[in-house]
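Asker: So I've got this file, query_28.txt, and it contains compact mmCIF, C-alpha atoms and all ligand atoms:
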```txt
# COMPACT_ATOMS: atom_id res chain seq x y z
CA MET X 223 2.70 37.81 -2.05
CA ASN X 224 2.48 36.70 -5.65
CA GLN X 225 -1.02 36.22 -6.95
CA HIS X 226 -0.20 33.57 -9.52
CA PRO X 227 1.00 30.28 -8.11
CA VAL X 228 4.40 29.34 -9.50
CA THR X 229 5.14 25.71 -10.18
CA ALA X 230 8.56 24.12 -10.31
CA ARG X 231 8.09 23.33 -14.00
CA GLN X 232 7.28 26.96 -14.89
CA VAL X 233 10.66 28.10 -13.61
CA GLY X 234 12.54 25.20 -15.18
CA LEU X 235 12.95 23.09 -12.06
CA CYS X 236 12.29 19.42 -11.62
CA ALA X 237 11.70 17.67 -8.31
CA CYS X 238 13.12 14.18 -7.85
CA HIS X 239 10.37 11.55 -7.44
CA THR X 240 12.40 9.71 -4.83
CA CYS X 241 14.11 12.26 -2.61
CA GLY X 242 12.38 15.52 -3.56
CA LEU X 243 15.58 17.38 -4.47
CA LEU X 244 15.08 20.17 -7.01
CA SER X 245 17.27 20.16 -10.09
CA LYS X 246 17.46 22.44 -13.11
CA TRP X 247 15.60 20.82 -15.97
CA LYS X 248 17.24 20.75 -19.39
CA ARG X 249 14.88 20.11 -22.23
CA ASP X 250 17.33 18.17 -24.37
CA HIS X 251 18.57 15.97 -21.55
CA ALA X 252 16.48 12.84 -21.70
CA GLY X 253 18.59 10.72 -19.36
CA LEU X 254 18.96 13.27 -16.56
CA THR X 255 19.49 11.74 -13.11
CA CYS X 256 19.16 13.19 -9.63
CA PRO X 257 22.53 14.37 -8.27
CA ARG X 258 21.60 13.18 -4.78
CA CYS X 259 19.97 9.76 -5.26
CA SER X 260 20.63 9.09 -8.97
CA SER X 261 16.98 8.35 -9.73
CA HIS X 262 15.90 9.23 -13.26
CA LEU X 263 14.44 12.72 -13.36
CA HIS X 264 11.14 13.50 -15.05
CA LEU X 265 9.01 16.62 -14.95
CA ARG X 266 6.00 14.29 -14.75
CA LYS X 267 5.83 10.52 -14.47
CA PRO X 268 6.59 9.24 -18.00
CA ASP X 269 3.62 7.97 -20.07
CA SER X 270 1.56 8.17 -16.90
CA ILE X 271 -1.88 8.09 -18.52
CA ALA X 272 -1.07 5.49 -21.19
CA ARG X 273 0.32 3.08 -18.62
CA MET X 274 -2.59 3.77 -16.34
CA TRP X 275 -5.04 2.86 -19.11
CA ALA X 276 -3.21 -0.39 -19.74
CA PHE X 277 -3.60 -1.41 -16.09
CA LEU X 278 -7.18 -0.14 -15.95
CA ILE X 279 -8.30 -2.07 -19.04
CA ALA X 280 -6.70 -5.24 -17.69
CA SER X 281 -8.51 -4.68 -14.37
CA TYR X 282 -11.87 -4.20 -16.09
CA LEU X 283 -11.36 -7.42 -18.05
CA LEU X 284 -10.65 -9.38 -14.89
CA PHE X 285 -13.31 -7.69 -12.81
CA LEU X 286 -16.16 -9.92 -14.01
CA PRO X 287 -14.42 -13.29 -13.52
CA ALA X 288 -13.22 -12.02 -10.14
CA ASN X 289 -16.80 -11.52 -9.04
CA LEU X 290 -18.52 -14.37 -10.88
CA LEU X 291 -16.08 -17.27 -10.45
CA PRO X 292 -15.96 -19.05 -7.11
CA ILE X 293 -13.14 -17.89 -4.87
CA MET X 294 -13.46 -20.92 -2.62
CA HIS X 295 -14.65 -24.56 -2.77
CA THR X 296 -15.77 -26.25 0.44
CA ASN X 297 -16.05 -30.04 0.77
CA SER X 298 -17.57 -31.36 3.95
CA LEU X 299 -19.79 -34.08 5.33
CA PHE X 300 -22.72 -31.91 4.36
CA GLY X 301 -21.71 -31.85 0.72
CA ALA X 302 -19.74 -29.66 -1.66
CA GLN X 303 -20.22 -25.94 -1.99
CA SER X 304 -18.66 -23.18 -4.09
CA ASP X 305 -18.60 -19.58 -2.95
CA THR X 306 -18.19 -16.38 -4.90
CA ILE X 307 -17.32 -13.17 -3.13
CA MET X 308 -20.96 -12.14 -3.03
CA SER X 309 -22.24 -15.48 -1.72
CA GLY X 310 -19.61 -15.34 1.03
CA ILE X 311 -21.00 -11.96 2.06
CA VAL X 312 -24.55 -13.31 2.00
CA TYR X 313 -23.43 -16.22 4.17
CA LEU X 314 -21.98 -13.83 6.76
CA TRP X 315 -25.16 -11.76 6.65
CA VAL X 316 -27.63 -14.60 7.18
CA SER X 317 -25.49 -16.24 9.85
CA GLY X 318 -25.94 -13.12 11.94
CA SER X 319 -22.59 -11.34 11.43
CA TRP X 320 -24.11 -8.46 9.52
CA HIS X 321 -21.38 -6.05 10.66
CA LEU X 322 -18.66 -8.29 9.21
CA ALA X 323 -20.77 -8.79 6.10
CA MET X 324 -20.67 -5.00 5.72
CA VAL X 325 -16.90 -4.90 6.21
CA VAL X 326 -16.32 -7.57 3.57
CA PHE X 327 -18.84 -5.95 1.23
CA ILE X 328 -17.07 -2.60 1.52
CA ALA X 329 -13.59 -4.10 1.12
CA SER X 330 -14.36 -6.60 -1.65
CA ILE X 331 -17.13 -5.06 -3.74
CA LEU X 332 -17.54 -1.37 -2.98
CA VAL X 333 -13.85 -0.38 -2.78
CA PRO X 334 -12.67 -2.20 -5.94
CA SER X 335 -15.52 -0.94 -8.11
CA ALA X 336 -15.36 2.60 -6.73
CA LYS X 337 -11.60 2.55 -7.19
CA LEU X 338 -11.86 1.48 -10.85
CA LEU X 339 -14.43 4.20 -11.54
CA ALA X 340 -12.44 6.85 -9.67
CA LEU X 341 -9.21 6.05 -11.52
CA THR X 342 -11.06 6.02 -14.85
CA PHE X 343 -12.59 9.40 -14.02
CA LEU X 344 -9.16 10.82 -13.07
CA ALA X 345 -7.57 9.50 -16.27
CA VAL X 346 -10.35 10.91 -18.47
CA SER X 347 -10.42 14.28 -16.71
CA VAL X 348 -6.65 14.67 -17.06
CA GLN X 349 -6.74 13.64 -20.71
CA LYS X 350 -9.44 16.20 -21.46
CA ARG X 351 -7.40 18.80 -19.56
CA SER X 352 -10.38 19.44 -17.32
CA GLN X 353 -10.06 22.32 -14.89
CA TRP X 354 -12.88 21.11 -12.66
CA ASP X 355 -12.12 21.42 -8.94
CA PRO X 356 -8.50 20.22 -8.69
CA ILE X 357 -8.69 20.02 -4.90
CA GLN X 358 -11.58 17.55 -5.03
CA ARG X 359 -9.83 15.45 -7.66
CA THR X 360 -6.58 15.43 -5.65
CA ASN X 361 -8.55 14.28 -2.61
CA LEU X 362 -10.19 11.55 -4.68
CA TYR X 363 -6.73 10.33 -5.72
CA ARG X 364 -5.57 10.31 -2.09
CA ILE X 365 -8.58 8.26 -0.98
CA VAL X 366 -7.95 5.75 -3.78
CA GLU X 367 -4.33 5.37 -2.69
CA LEU X 368 -5.37 4.95 0.93
CA VAL X 369 -8.16 2.38 0.66
CA GLY X 370 -7.07 0.29 -2.32
CA ARG X 371 -5.00 -2.17 -0.30
CA TRP X 372 -7.99 -3.19 1.86
CA SER X 373 -9.45 -5.04 -1.10
CA MET X 374 -6.94 -7.80 -0.42
CA LEU X 375 -9.12 -8.76 2.53
CA ASP X 376 -10.98 -11.61 0.83
CA ILE X 377 -7.77 -13.14 -0.52
CA PHE X 378 -6.44 -13.31 3.04
CA VAL X 379 -9.71 -14.74 4.35
CA VAL X 380 -9.59 -17.53 1.76
CA SER X 381 -5.94 -18.31 2.46
CA VAL X 382 -6.51 -18.60 6.22
CA LEU X 383 -9.56 -20.82 5.62
CA VAL X 384 -7.63 -23.05 3.20
CA ALA X 385 -4.84 -23.52 5.74
CA LEU X 386 -7.15 -24.17 8.69
CA VAL X 387 -9.82 -26.36 7.18
CA GLN X 388 -7.78 -29.38 6.18
CA LEU X 389 -9.50 -31.80 8.55
CA GLN X 390 -8.97 -34.95 6.50
CA SER X 391 -12.33 -36.60 6.00
CA LEU X 392 -14.39 -33.96 7.76
CA ALA X 393 -13.92 -30.88 5.64
CA THR X 394 -11.53 -29.26 3.20
CA ILE X 395 -11.50 -25.81 1.65
CA ARG X 396 -9.71 -25.01 -1.59
CA ALA X 397 -9.11 -21.68 -3.30
CA GLY X 398 -10.98 -21.16 -6.57
CA HIS X 399 -10.15 -19.39 -9.84
CA GLY X 400 -12.05 -16.34 -8.68
CA ALA X 401 -9.38 -15.75 -6.03
CA VAL X 402 -6.69 -15.53 -8.72
CA ALA X 403 -8.72 -13.07 -10.79
CA PHE X 404 -9.63 -11.05 -7.74
CA GLY X 405 -6.02 -10.85 -6.52
CA ALA X 406 -4.99 -9.75 -10.00
CA VAL X 407 -7.60 -6.96 -10.01
CA VAL X 408 -6.32 -5.64 -6.68
CA VAL X 409 -2.70 -5.70 -7.83
CA LEU X 410 -3.48 -4.16 -11.24
CA THR X 411 -5.53 -1.30 -9.78
CA MET X 412 -2.72 -0.61 -7.31
CA PHE X 413 -0.31 -0.37 -10.26
CA ALA X 414 -2.76 1.92 -12.06
CA ALA X 415 -2.96 4.23 -9.03
CA MET X 416 0.85 4.27 -8.73
CA GLU X 417 1.24 5.33 -12.37
CA PHE X 418 -1.08 8.29 -11.92
CA ASP X 419 0.69 11.62 -11.44
CA PRO X 420 -1.55 14.00 -9.41
CA ARG X 421 0.34 17.00 -10.77
CA LEU X 422 -1.39 16.37 -14.10
CA ILE X 423 -4.61 17.49 -12.38
CA TRP X 424 -3.12 20.94 -11.80
CA ASP X 425 -1.25 21.37 -15.09
CA PRO X 426 -4.19 22.62 -17.22
CA GLN X 427 -4.74 25.63 -14.94
CA ASP X 428 -1.05 26.32 -14.38
CA ASP X 429 -0.04 26.12 -18.02
CA PRO X 430 -3.11 26.89 -20.15
CA ARG X 431 -2.44 26.16 -23.80
CA MET C 178 19.39 31.59 -5.24
CA GLY C 179 19.69 28.45 -3.18
CA LEU C 180 17.61 25.57 -4.44
CA SER C 181 17.76 23.94 -1.03
CA THR C 182 15.57 26.69 0.44
CA LEU C 183 12.78 25.76 -1.97
CA ILE C 184 10.52 22.77 -2.20
CA ALA C 185 8.09 21.67 -4.91
CA CYS C 186 4.88 19.98 -3.80
CA HIS C 187 4.98 16.38 -5.01
CA GLU C 188 1.25 16.39 -5.68
CA CYS C 189 0.66 19.76 -7.39
CA ASP C 190 4.19 21.00 -8.24
CA LEU C 191 3.68 24.32 -6.44
CA LEU C 192 7.01 25.91 -5.59
CA GLN C 193 7.26 26.99 -1.97
CA ARG C 194 9.88 28.28 0.45
CA ARG C 195 11.05 25.90 3.15
CA VAL C 196 10.54 27.21 6.65
CA PRO C 197 12.07 25.78 9.80
CA LEU C 198 9.58 23.73 11.80
CA ALA C 199 9.16 22.91 15.46
CA ASN C 200 9.70 19.30 16.49
CA ALA C 201 6.26 17.90 15.91
CA GLY C 202 5.34 20.35 13.16
CA VAL C 203 4.17 19.42 9.69
CA ALA C 204 4.57 21.60 6.61
CA ARG C 205 1.66 21.33 4.22
CA CYS C 206 1.25 22.56 0.67
CA ARG C 207 -0.42 25.97 0.57
CA ARG C 208 -2.48 24.93 -2.44
CA CYS C 209 -3.39 21.24 -2.14
CA ASP C 210 -2.66 20.49 1.53
CA ALA C 211 -0.25 17.63 0.80
CA VAL C 212 2.32 16.99 3.53
CA LEU C 213 5.58 18.51 2.28
CA TYR C 214 7.89 17.63 5.15
CA ARG C 215 7.91 17.13 8.89
CA GLY C 216 9.84 18.84 11.61
CA SER C 217 12.66 16.71 12.89
CA SER C 218 14.12 16.22 16.29
CA SER C 219 17.21 14.31 17.31
CA GLU C 220 15.09 11.76 19.15
CA ASP C 221 13.16 10.80 16.01
CA SER C 222 15.57 8.20 14.78
CA ASP C 223 16.04 6.81 18.30
CA ARG C 224 12.30 6.36 18.63
CA ALA C 225 12.11 4.84 15.14
CA LEU C 226 14.87 2.41 16.09
CA ALA C 227 13.16 1.42 19.34
CA TYR C 228 9.83 0.79 17.59
CA THR C 229 11.47 -1.14 14.76
CA LEU C 230 13.33 -3.40 17.20
CA GLY C 231 10.04 -4.01 19.00
CA GLY C 232 8.45 -4.70 15.63
CA LEU C 233 11.18 -7.21 14.78
CA ILE C 234 10.54 -9.20 17.96
CA LEU C 235 6.77 -9.16 17.45
CA PHE C 236 7.22 -10.13 13.80
CA LEU C 237 9.33 -13.14 14.77
CA ILE C 238 6.72 -14.24 17.33
CA ALA C 239 3.93 -13.70 14.83
CA ASN C 240 5.70 -16.04 12.43
CA ALA C 241 6.92 -18.67 14.86
CA TYR C 242 3.58 -19.50 16.48
CA PRO C 243 0.19 -20.55 15.14
CA ILE C 244 -2.28 -17.77 14.44
CA VAL C 245 -5.35 -19.87 15.14
CA ALA C 246 -6.24 -23.46 15.91
CA LEU C 247 -9.41 -25.20 14.82
CA GLU C 248 -11.00 -28.10 16.64
CA LEU C 249 -13.69 -30.31 15.20
CA GLN C 250 -14.57 -33.78 16.51
CA ALA C 251 -11.16 -34.56 17.99
CA ASN C 252 -9.44 -33.23 14.87
CA ARG C 253 -7.17 -30.30 15.51
CA GLN C 254 -5.58 -28.05 12.93
CA ALA C 255 -3.35 -25.10 13.74
CA ALA C 256 -2.07 -22.66 11.14
CA SER C 257 0.81 -20.22 11.24
CA LEU C 258 1.37 -17.51 8.65
CA TYR C 259 3.78 -19.78 6.81
CA ASP C 260 1.17 -22.58 6.85
CA THR C 261 -1.32 -20.41 4.99
CA VAL C 262 1.23 -19.70 2.28
CA HIS C 263 2.21 -23.37 2.17
CA ALA C 264 -1.38 -24.67 2.08
CA LEU C 265 -2.19 -22.50 -0.94
CA TRP C 266 0.98 -23.70 -2.67
CA VAL C 267 0.27 -27.42 -2.24
CA ASP C 268 -3.33 -26.74 -3.21
CA GLY C 269 -2.03 -25.73 -6.64
CA ARG C 270 -2.70 -22.01 -6.15
CA GLU C 271 0.92 -20.92 -6.50
CA ASP C 272 -0.09 -17.47 -7.75
CA VAL C 273 -2.28 -16.64 -4.76
CA SER C 274 0.30 -18.23 -2.47
CA LEU C 275 3.03 -15.94 -3.82
CA LEU C 276 0.79 -12.89 -3.52
CA VAL C 277 0.05 -13.68 0.15
CA ALA C 278 3.71 -14.46 0.87
CA PHE C 279 4.83 -11.24 -0.80
CA THR C 280 2.37 -8.94 1.01
CA THR C 281 2.44 -10.46 4.50
CA LEU C 282 5.86 -12.11 4.84
CA VAL C 283 8.51 -10.90 2.39
CA THR C 284 7.65 -7.20 2.27
CA PRO C 285 7.21 -6.68 6.03
CA ALA C 286 10.40 -8.66 6.71
CA LEU C 287 12.30 -6.53 4.17
CA GLU C 288 10.85 -3.33 5.60
CA ILE C 289 11.86 -4.18 9.16
CA SER C 290 15.36 -5.40 8.31
CA LEU C 291 16.12 -2.51 5.95
CA LEU C 292 14.94 0.02 8.53
CA LEU C 293 17.30 -1.60 11.03
CA TYR C 294 20.10 -1.53 8.43
CA LEU C 295 19.64 2.25 8.23
CA LEU C 296 18.80 3.08 11.83
CA ILE C 297 21.39 1.09 13.76
CA PRO C 298 24.45 2.71 12.10
CA LEU C 299 22.73 6.12 12.26
CA ARG C 300 22.42 5.62 16.01
CA PHE C 301 26.22 5.56 16.13
CA GLY C 302 26.59 8.49 13.79
CA ARG C 303 27.46 6.54 10.68
CA THR C 304 25.62 6.52 7.35
CA PRO C 305 25.45 3.00 5.89
CA SER C 306 26.96 2.60 2.44
CA GLU C 307 23.78 1.55 0.63
CA THR C 308 21.60 4.27 2.18
CA VAL C 309 20.42 5.73 -1.12
CA ALA C 310 19.44 2.38 -2.64
CA VAL C 311 17.72 1.28 0.57
CA LEU C 312 15.68 4.48 0.88
CA ARG C 313 14.58 4.18 -2.75
CA PHE C 314 13.66 0.55 -2.25
CA LEU C 315 11.72 1.21 0.97
CA GLN C 316 9.65 3.85 -0.78
CA ARG C 317 8.78 1.46 -3.62
CA VAL C 318 7.95 -1.51 -1.46
CA LYS C 319 5.87 0.26 1.17
CA PRO C 320 2.42 -0.01 -0.46
CA TRP C 321 2.80 -3.79 -0.71
CA SER C 322 3.14 -4.42 3.01
CA MET C 323 -0.39 -5.42 4.05
CA MET C 324 -0.23 -6.86 7.53
CA GLU C 325 -3.13 -4.82 8.89
CA VAL C 326 -5.34 -6.13 6.08
CA PHE C 327 -4.16 -9.66 6.83
CA LEU C 328 -5.10 -9.22 10.50
CA LEU C 329 -8.62 -8.20 9.52
CA GLY C 330 -8.70 -11.22 7.19
CA ILE C 331 -7.85 -13.52 10.09
CA LEU C 332 -10.67 -12.03 12.16
CA VAL C 333 -13.20 -12.45 9.36
CA SER C 334 -12.20 -16.08 8.82
CA LEU C 335 -12.48 -16.75 12.56
CA VAL C 336 -16.05 -15.50 12.55
CA LYS C 337 -16.80 -17.64 9.49
CA LEU C 338 -15.47 -20.76 11.22
CA GLU C 339 -17.07 -20.07 14.59
CA HIS C 340 -20.30 -21.66 13.43
CA LEU C 341 -18.61 -24.85 12.27
CA ALA C 342 -15.99 -25.61 14.85
CA HIS C 343 -14.26 -24.48 17.97
CA VAL C 344 -11.63 -21.84 17.10
CA GLU C 345 -8.82 -20.88 19.39
CA PRO C 346 -6.75 -17.74 18.81
CA GLY C 347 -3.01 -18.45 18.97
CA ILE C 348 -0.09 -16.42 20.31
CA ALA C 349 0.71 -15.15 16.83
CA LEU C 350 -2.70 -13.47 16.58
CA TRP C 351 -1.92 -11.29 19.62
CA ALA C 352 1.56 -10.63 18.27
CA PHE C 353 0.03 -9.48 14.97
CA GLY C 354 -2.38 -7.24 16.82
CA ALA C 355 0.48 -5.58 18.69
CA LEU C 356 2.80 -5.47 15.69
CA ILE C 357 0.59 -3.23 13.59
CA PRO C 358 0.49 -0.17 15.91
CA VAL C 359 4.22 -0.62 16.61
CA LEU C 360 5.05 -0.56 12.89
CA ILE C 361 2.80 2.47 12.36
CA ALA C 362 4.65 4.24 15.19
CA ALA C 363 7.99 3.27 13.64
CA ALA C 364 6.93 4.64 10.26
CA GLY C 365 5.70 7.81 11.97
CA ALA C 366 9.02 8.41 13.70
CA PHE C 367 11.15 7.50 10.70
CA ASN C 368 11.90 10.63 8.70
CA PRO C 369 13.65 9.92 5.38
CA ASP C 370 14.08 13.65 4.73
CA ASP C 371 16.54 13.78 7.64
CA ILE C 372 18.63 11.06 6.06
CA TRP C 373 18.54 12.74 2.64
CA ALA C 374 19.73 15.93 4.34
CA LYS C 375 22.60 14.01 5.95
CA ILE C 376 23.63 12.67 2.57
CA ASP C 377 23.71 16.24 1.27
CA HIS C 378 26.17 17.21 3.97
CA VAL C 379 28.45 14.29 3.19
CA ALA C 380 28.44 14.93 -0.53
ZN ZN X 501 16.68 12.26 -5.89
ZN ZN X 502 0.49 20.88 -3.43
```
Written as structure tokens, that's how I'd like the structure from this file.
Answerer:
Amino acid sequence: MNQHPVTARQVGLCACHTCGLLSKWKRDHAGLTCPRCSSHLHLRKPDSIARMWAFLIASYLLFLPANLLPIMHTNSLFGAQSDTIMSGIVYLWVSGSWHLAMVVFIASILVPSAKLLALTFLAVSVQKRSQWDPIQRTNLYRIVELVGRWSMLDIFVVSVLVALVQLQSLATIRAGHGAVAFGAVVVLTMFAAMEFDPRLIWDPQDDPR
Amino acid sequence: MGLSTLIACHECDLLQRRVPLANAGVARCRRCDAVLYRGSSSEDSDRALAYTLGGLILFLIANAYPIVALELQANRQAASLYDTVHALWVDGREDVSLLVAFTTLVTPALEISLLLYLLIPLRFGRTPSETVAVLRFLQRVKPWSMMEVFLLGILVSLVKLEHLAHVEPGIALWAFGALIPVLIAAAGAFNPDDIWAKIDHVA
């Protein structure tokens, strides 16, 4: 058994991002396409980190309005009320559904902020060519990919409430600007995670400069 | 050297030799534990087809009937999936409306119909003409199908409304609940590597 792990790139091979087929990589061929599925071939996702930063910065900018602006306005006989994500969680908590309050807290607050921090950490560590525990960092990336979608939860809650609570004079619920910002954060962080190429985590130890 | 006997891990680029697998086997990367490929059996695509057809029926039911109804002082309001998208649109939240439509209606509908486009001809031993484009598209669109998150969203909103009014789960809610495990089973049985391999043989 060979002691040193051999990567596809070290032996001049390139795996297709779409179908996994290995092709010989030619340095001067910029527009190389996969012979099987005709996807563009790249050794690594192109401009991965730069694009990731663009999405991350946009997410950070929208993160505050997403959490501070109301995601929902309620008008009822008892008066008007505006809810942010956090006040919605508090409402669930005090009305006795503490387990659902936890679920929404995890999906809407914990996951998005942890995801932003995790992606930032991955981008920085790859940029600094860190060799710190690649397995742990790969696992971190997998968790981010797995849980990110669950942040859409509050958007869906608001949309169901808006559709249901249209009881003419009794009560109406409308979506607020916070919902737009929050939806944008979820989508942007998903794009950021998709741009990340986990092979960059392993490159510094495989090809030390 | 035959390149087809080798595989590069898509998460760490480690080059490894392909080994034949038993039916339910999974090959994982020696270094980072990523799933490299799965063992295939001839029944896989039959099972995938059966689950996807079941998913199609459940999806149609989930869209045709109301998800929940709300009753408050002789006022009754029922909402289907389409109603939620529509209510956001007329409320002036076109952006959120499109996001909800895209993740709960358009993407799942595309996923189900494109899987059927691939699986039905394969059942009869033919490879559909747009196979490559469809496989590429399915891979891209997959993360945006969020029906399981939507189901949890319905449940949370039901609990929120429980204190205010009488809520009544509709047929579509049960259909949604059944649809999610069926679609997961379909995705589990569907093995794109098999189809890529078929394309290799044709070419
Ligand atoms: Zn390819
Ligand atoms: Zn690997």
Asker: Enumerate as number ranges by chain the residues within 9 Å of ligand ZN 502 (chain X), counting all atoms listed in the file.
Answerer: X: 421; C: 185-192, 205-213
Asker: Which residues sit within 6 Å of ligand ZN 501 (chain X), counting all atoms listed in the file, listed as a PyMOL selection string?
Answerer: chain X and resi 238+240-243+256+258-261
Asker: Please produce a file of those selected residues containing C-alpha atoms, as a PDB file, in the frame of the given file.
Answerer:
```
ATOM      1  CA  CYS X 238      13.120  14.180  -7.850  1.00  0.00           C
ATOM      2  CA  THR X 240      12.400   9.710  -4.830  1.00  0.00           C
ATOM      3  CA  CYS X 241      14.110  12.260  -2.610  1.00  0.00           C
ATOM      4  CA  GLY X 242      12.380  15.520  -3.560  1.00  0.00           C
ATOM      5  CA  LEU X 243      15.580  17.380  -4.470  1.00  0.00           C
ATOM      6  CA  CYS X 256      19.160  13.190  -9.630  1.00  0.00           C
ATOM      7  CA  ARG X 258      21.600  13.180  -4.780  1.00  0.00           C
ATOM      8  CA  CYS X 259      19.970   9.760  -5.260  1.00  0.00           C
ATOM      9  CA  SER X 260      20.630   9.090  -8.970  1.00  0.00           C
ATOM     10  CA  SER X 261      16.980   8.350  -9.730  1.00  0.00           C
TER      11      SER X 261
END
```
Asker: Between X:Val379, X:Met294, X:Leu362, X:Leu235, which residue has the minimum interatomic distance to X:Thr342, considering all atoms listed in the file?
Answerer: X:Leu362
Asker: Looking at all atoms listed in the file, which of X:Ile307, X:Ala302, X:Ala397, X:Val402 is the one that sits closest to X:Ser330?
Answerer: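 Result for the nearest residue to X:Ser330: X:Ile307.
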Asker: Compute the set of chain X residues within 6 Å of chain C, using all atoms listed in the file, and express it as a PyMOL selection string.
Answerer: chain X and resi 228-230+259+372+375+378-379+381-382+385-386+420-421+424
Asker: Print the selection's residues with C-alpha atoms to a file, as a PDB file, in the frame of the given file.
Answerer:
```
ATOM      1  CA  VAL X 228       4.400  29.340  -9.500  1.00  0.00           C
ATOM      2  CA  THR X 229       5.140  25.710 -10.180  1.00  0.00           C
ATOM      3  CA  ALA X 230       8.560  24.120 -10.310  1.00  0.00           C
ATOM      4  CA  CYS X 259      19.970   9.760  -5.260  1.00  0.00           C
ATOM      5  CA  TRP X 372      -7.990  -3.190   1.860  1.00  0.00           C
ATOM      6  CA  LEU X 375      -9.120  -8.760   2.530  1.00  0.00           C
ATOM      7  CA  PHE X 378      -6.440 -13.310   3.040  1.00  0.00           C
ATOM      8  CA  VAL X 379      -9.710 -14.740   4.350  1.00  0.00           C
ATOM      9  CA  SER X 381      -5.940 -18.310   2.460  1.00  0.00           C
ATOM     10  CA  VAL X 382      -6.510 -18.600   6.220  1.00  0.00           C
ATOM     11  CA  ALA X 385      -4.840 -23.520   5.740  1.00  0.00           C
ATOM     12  CA  LEU X 386      -7.150 -24.170   8.690  1.00  0.00           C
ATOM     13  CA  PRO X 420      -1.550  14.000  -9.410  1.00  0.00           C
ATOM     14  CA  ARG X 421       0.340  17.000 -10.770  1.00  0.00           C
ATOM     15  CA  TRP X 424      -3.120  20.940 -11.800  1.00  0.00           C
TER      16      TRP X 424
END
```
Asker: Neighbouring residues of X:Arg266 were defined as those with any atom within 9 Å, considering all atoms listed in the file; residues of the same chain fewer than 4 positions away were excluded. Please report them as an MDAnalysis selection string.
Answerer: chainID X and resid 236 239 270 419 421:422
Asker: If I take atom CA of X:Phe404 and atom CA of X:Leu283, how far is one from the other in Å, to one decimal?
Answerer: 11.1 Å
Asker: Separation of atom CA of C:Leu291 and atom CA of C:Val311, in Å?
Answerer: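 Atom CA of C:Val311 lies 6.8 Å from atom CA of C:Leu291.
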Asker: Between atom CA of X:Lys337 and atom CA of X:Arg371, what is the distance in Å, rounded to a tenth?
Answerer: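 Going from atom CA of X:Lys337 over to atom CA of X:Arg371, I get 10.6 Å.
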Asker: Which neighbours of X:Gln303 fall inside 10 Å, counting all atoms listed in the file, when residues of the same chain fewer than 4 positions from it are skipped, and could you give them as a list in words?
Answerer: Pro292, Met294, His295, Thr296, Asn297, Ser298 and Ile395 of chain X
Asker: Rank C:Val267, C:Met324, C:Leu226, C:Ile234 by their smallest atom-to-atom distance to C:Ile297, using all atoms listed in the file, and report the top residue only.
Answerer: C:Leu226
Asker: Rank nothing, just name the residue among C:Glu339, C:Leu315, C:Leu233, C:Ala362 nearest to X:Leu383, using only C-alpha atoms.
Answerer: C:Glu339
Asker: Please identify all polymer residues within 12 Å of stretch 232-234 of chain X, counting all atoms listed in the file, omitting same-chain residues fewer than 5 positions from it, and present them as a PDB file with C-alpha atoms, in the coordinates of the input.
Answerer:
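The file below, selection-v2.pdb, is the result:
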```
ATOM      1  CA  HIS X 226      -0.200  33.570  -9.520  1.00  0.00           C
ATOM      2  CA  PRO X 227       1.000  30.280  -8.110  1.00  0.00           C
ATOM      3  CA  LEU X 244      15.080  20.170  -7.010  1.00  0.00           C
ATOM      4  CA  SER X 245      17.270  20.160 -10.090  1.00  0.00           C
ATOM      5  CA  LYS X 246      17.460  22.440 -13.110  1.00  0.00           C
ATOM      6  CA  TRP X 247      15.600  20.820 -15.970  1.00  0.00           C
ATOM      7  CA  LYS X 248      17.240  20.750 -19.390  1.00  0.00           C
ATOM      8  CA  ARG X 249      14.880  20.110 -22.230  1.00  0.00           C
ATOM      9  CA  HIS X 264      11.140  13.500 -15.050  1.00  0.00           C
ATOM     10  CA  LEU X 265       9.010  16.620 -14.950  1.00  0.00           C
ATOM     11  CA  ASP X 425      -1.250  21.370 -15.090  1.00  0.00           C
ATOM     12  CA  ASP X 428      -1.050  26.320 -14.380  1.00  0.00           C
ATOM     13  CA  ASP X 429      -0.040  26.120 -18.020  1.00  0.00           C
ATOM     14  CA  PRO X 430      -3.110  26.890 -20.150  1.00  0.00           C
TER      15      PRO X 430
ATOM     16  CA  LEU C 180      17.610  25.570  -4.440  1.00  0.00           C
ATOM     17  CA  ALA C 185       8.090  21.670  -4.910  1.00  0.00           C
ATOM     18  CA  ASP C 190       4.190  21.000  -8.240  1.00  0.00           C
ATOM     19  CA  LEU C 191       3.680  24.320  -6.440  1.00  0.00           C
ATOM     20  CA  LEU C 192       7.010  25.910  -5.590  1.00  0.00           C
TER      21      LEU C 192
END
```
Asker: Rank X:Leu339, X:Val325, X:Val369, X:Ala237 by their smallest atom-to-atom distance to X:Leu263, using only C-alpha atoms, and report the top residue only.
Answerer: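 Answer, going by the shortest atom-to-atom distance: X:Ala237.
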Asker: Would you kindly return, as a list in words, each protein, DNA or RNA residue with an atom no farther than 12 Å from any atom of C:Glu220, considering all atoms listed in the file and excluding same-chain residues fewer than 6 positions away?
Answerer: Asn200, Ala201, Leu226, Ala227, Leu296, Leu299, Arg300, Ala366, Phe367, Asn368 and Asp371 of chain C
Asker: For C:Leu341, which residue out of X:Ala406, X:Val387, X:Ala414, X:Val333 is the nearest one, using only C-alpha atoms?
Answerer: X:Val387
Asker: With only C-alpha atoms as the counted atoms, please give the residues lying no more than 10 Å from C:Ala364, apart from itself and same-chain residues fewer than 3 positions off, as a list in words.
Answerer: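 Once the nearby chain positions are removed, what remains is Ala225, Tyr228, Thr229, Leu292, Pro358, Val359, Leu360, Ile361, Phe367, Asn368 and Pro369 of chain C.
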